[in-house]
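Comments concern the structure below.
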Amino acid sequence: MKKLIALFTVLTIVSCSNEEITNSEIKTNLSSIRFNDYYKNSLMYYQDMQFENEKITTVKSSDNKHSDYTYNNQNLVSKIIDYNPSEEILLTTTFLYSDAGKITEIKQLSGPANEEILNAKFVFTHLADKIILTKTTENNPVESLEISLNSNNEIEKRTVFSGAYFYKYDFVNGNLEKFSQIGDNGSLSEHFISCKYTNLKNNYSYKKMLFGKEWKLNSFLNSFLNFNHSIIIDLSENLISEYTDTFVYQSSNYSVVYTTKTDYTFDNTNRMTKMTENFSTDNGGKIANDYKSEFIFNYKE
């Protein structure tokens, strides 16, 4: 699932309109989502996500690995088990929630078939104006960081475990416009992300089927399993149209810019049928447009 979350960085809605969707029980009849990853128009990797009764049940990938999902009595995902092609357990991830449906704990436990030891526990303490994350791993000291919230309950700042720098979040009209890495002296460092949005609301997602009404926050908290920065897009009110990730190497006066442009297609009932991401890289003035991803949605009639 960790790989899946990283791949589905900006996949957000399965049914949308310009009207606010607030009912978590709205039925989309979504049966599957197919992810295709291309390099120079050749299919390199794919995943199939299967749904039953508005819930993800299984994810299968082109490398013959798969993941199975279990839900608790809050109708929130409580366990994900990842298997290798021989049906041996690679990784078990479990989730605990508060009564309000916010993630309070995530645990990872490596299976006997996993060559990499990934055992870890993440505990999230929710306070009025911040969230404290405590991470425990085998044979390592306990680490912690803070996620600060503004008056609109939007994420404003996030420290890192090392304390060497922090991330600043700038929201405009409910959308994350800029995400910057700030040095411990308060100066802008060499990494920042900027986003542009459509006028379509980002308020109905397959992740809502995993994480319920707090899906935006829970999706962000879940991203700490793999430190996937691009999952921050889920925090915004509208769907992304363009996403630019910039690295500036000031010592050599050199920069690399990764740009993702996203297009959406809908059927006559306003359900998303396809989302396409086109990736480009500007590496010191050298442009490459070799990668593309697409997400294809299928529904039961």
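All residue names refer to the structure tokens as shown: chains lettered A, B, ... in order, residues numbered from 1 in each chain, ligands numbered from 1 in order.
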
Report task. As a PyMOL selection string, list the residues of stretch 8-203 of chain A assigned to strand (DSSP E or B) by DSSP on the backbone atoms of this structure. Result -> chain A and resi 15+30-39+42-52+55-61+66-71+77-83+89-97+103-110+120-126+130-137+143-149+155-159+165-172+175-183+188-201

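For the pair atom CA of A:Ser255 and atom CA of A:Gly284, the interatomic distance is 5.5 Å.
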
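The residue set within 8 Å of A:Lys261, counting only C-alpha atoms and dropping same-chain residues fewer than 6 places from it, reads Ser241, Glu242, Tyr243, Glu277, Asn278 and Phe279 of chain A.
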
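Backbone DSSP of stretch 39-226 of chain A yields alpha helix (DSSP H) at A:Tyr206, A:Lys207, A:Lys208, A:Met209, A:Leu210, A:Phe211, A:Trp215, A:Lys216, A:Leu217, A:Asn218, A:Ser219, A:Phe220, A:Leu221, A:Asn222.
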
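Going from atom CA of A:Thr58 to atom CA of A:Val77 covers 12.2 Å.
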
Query - Atom pair atom CA of A:Ala100 / atom CA of A:Glu214: separation (Å) - result: 8.3 Å

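In terms of minimum interatomic distance to A:Thr159, A:Ser180 ranks closest within A:Asn84, A:Asn139, A:Ser180, A:Ser219, counting only C-alpha atoms.
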
**Report entry** Spatial neighbours of A:Tyr83, max dist 7 Å, only C-alpha atoms, sep filter under 3 positions, as a PyMOL selection string
**Finding:** chain A and resi 65-67+87-90

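Minimum distance to A:Asn53 across A:Ser31, A:Asn238, A:Ser162, A:Asn36 (counting only C-alpha atoms) occurs at A:Ser31.
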
Excluding same-chain residues fewer than 3 positions from A:Phe211, what lies within 10 Å of it counting only C-alpha atoms, as a compact mmCIF listing (two decimals) with N, CA and C atoms, in the first residue's frame?
# COMPACT_ATOMS: atom_id res chain seq x y z
N TYR A 71 -11.35 -3.46 7.47
CA TYR A 71 -11.93 -2.22 8.02
C TYR A 71 -12.48 -2.46 9.43
N GLN A 74 -15.70 1.57 12.61
CA GLN A 74 -15.91 2.96 12.18
C GLN A 74 -15.95 3.05 10.65
N ASN A 75 -15.81 1.90 10.00
CA ASN A 75 -15.77 1.84 8.53
C ASN A 75 -14.51 2.49 7.97
N LEU A 76 -13.43 2.45 8.75
CA LEU A 76 -12.14 3.00 8.36
C LEU A 76 -11.14 1.86 8.20
N VAL A 77 -10.19 2.02 7.30
CA VAL A 77 -9.22 0.96 7.08
C VAL A 77 -8.44 0.72 8.37
N SER A 78 -8.33 -0.53 8.79
CA SER A 78 -7.65 -0.86 10.03
C SER A 78 -6.42 -1.74 9.81
N TYR A 97 -7.65 4.82 15.47
CA TYR A 97 -8.27 6.13 15.26
C TYR A 97 -8.88 6.64 16.57
N GLY A 101 -12.37 9.97 14.36
CA GLY A 101 -11.94 9.40 13.09
C GLY A 101 -10.58 9.85 12.62
N LYS A 102 -9.79 10.46 13.51
CA LYS A 102 -8.44 10.88 13.15
C LYS A 102 -7.43 9.80 13.53
N ILE A 103 -6.45 9.55 12.67
CA ILE A 103 -5.45 8.54 12.96
C ILE A 103 -4.68 8.90 14.23
N SER A 205 -13.15 11.25 -2.71
CA SER A 205 -11.94 10.54 -3.07
C SER A 205 -12.03 9.06 -2.73
N TYR A 206 -11.26 8.24 -3.45
CA TYR A 206 -11.13 6.85 -3.02
C TYR A 206 -10.49 6.79 -1.64
N LYS A 207 -9.72 7.80 -1.28
CA LYS A 207 -9.11 7.83 0.06
C LYS A 207 -10.16 8.09 1.14
N LYS A 208 -11.27 8.71 0.74
CA LYS A 208 -12.38 8.86 1.68
C LYS A 208 -12.95 7.49 2.03
N GLU A 214 -12.35 12.39 7.75
CA GLU A 214 -11.06 13.05 7.98
C GLU A 214 -10.01 12.56 6.98
N TRP A 215 -10.46 12.20 5.75
CA TRP A 215 -9.56 11.57 4.79
C TRP A 215 -8.40 12.46 4.39
N LYS A 216 -8.59 13.77 4.32
CA LYS A 216 -7.50 14.66 3.91
C LYS A 216 -6.39 14.66 4.95
N LEU A 217 -6.76 14.84 6.21
CA LEU A 217 -5.76 14.82 7.28
C LEU A 217 -5.14 13.43 7.40
N ASN A 218 -5.97 12.39 7.40
CA ASN A 218 -5.45 11.03 7.57
C ASN A 218 -4.54 10.62 6.43
N SER A 219 -4.86 11.03 5.22
CA SER A 219 -3.99 10.75 4.08
C SER A 219 -2.63 11.41 4.26
N ASN A 222 -0.75 9.51 7.00
CA ASN A 222 -0.30 8.23 6.46
C ASN A 222 0.94 8.38 5.59

Query raised in the report: So which residues touch A:Asn173 within 12 Å, counting only C-alpha atoms, skipping near sequence neighbours fewer than 5 positions away, as a PyMOL selection string?
Result: chain A and resi 152+154+197+199+236-238

Query raised in the report: What lies within 7 Å of stretch 135-137 of chain A using only C-alpha atoms, ignoring chain neighbours under 2 positions off, as a list in words?
Result: Asn119, Ala120, Lys121, Phe122, Val123, Leu133, Asn139, Asn140, Val142, Glu143 and Ser144 of chain A

I need the residues from that last selection saved to file as a JSON list (two decimals), in the first residue's frame (with C-alpha atoms), if you can.
[["chain", "number", "residue", "atom", "x", "y", "z"],
["A", 119, "ASN", "CA", 9.09, -2.42, 11.92],
["A", 120, "ALA", "CA", 7.95, 0.97, 13.18],
["A", 121, "LYS", "CA", 5.25, 2.69, 15.25],
["A", 122, "PHE", "CA", 3.92, 6.20, 14.62],
["A", 123, "VAL", "CA", 1.84, 7.81, 17.39],
["A", 133, "LEU", "CA", 4.19, 12.73, 15.94],
["A", 139, "ASN", "CA", 17.32, -0.27, 17.78],
["A", 140, "ASN", "CA", 16.88, 3.50, 17.33],
["A", 142, "VAL", "CA", 12.51, 7.68, 19.82],
["A", 143, "GLU", "CA", 12.05, 10.61, 17.42],
["A", 144, "SER", "CA", 9.40, 13.32, 17.34]]

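Minimum distance to A:Ile155 across A:Thr28, A:Leu91, A:Val172, A:Leu235 (counting only C-alpha atoms) occurs at A:Leu235.
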
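Residue nearest A:Phe35 within the list A:Asn150, A:Thr244, A:Ser293, A:Asn202: A:Ser293 [criterion: smallest interatomic distance, only C-alpha atoms].
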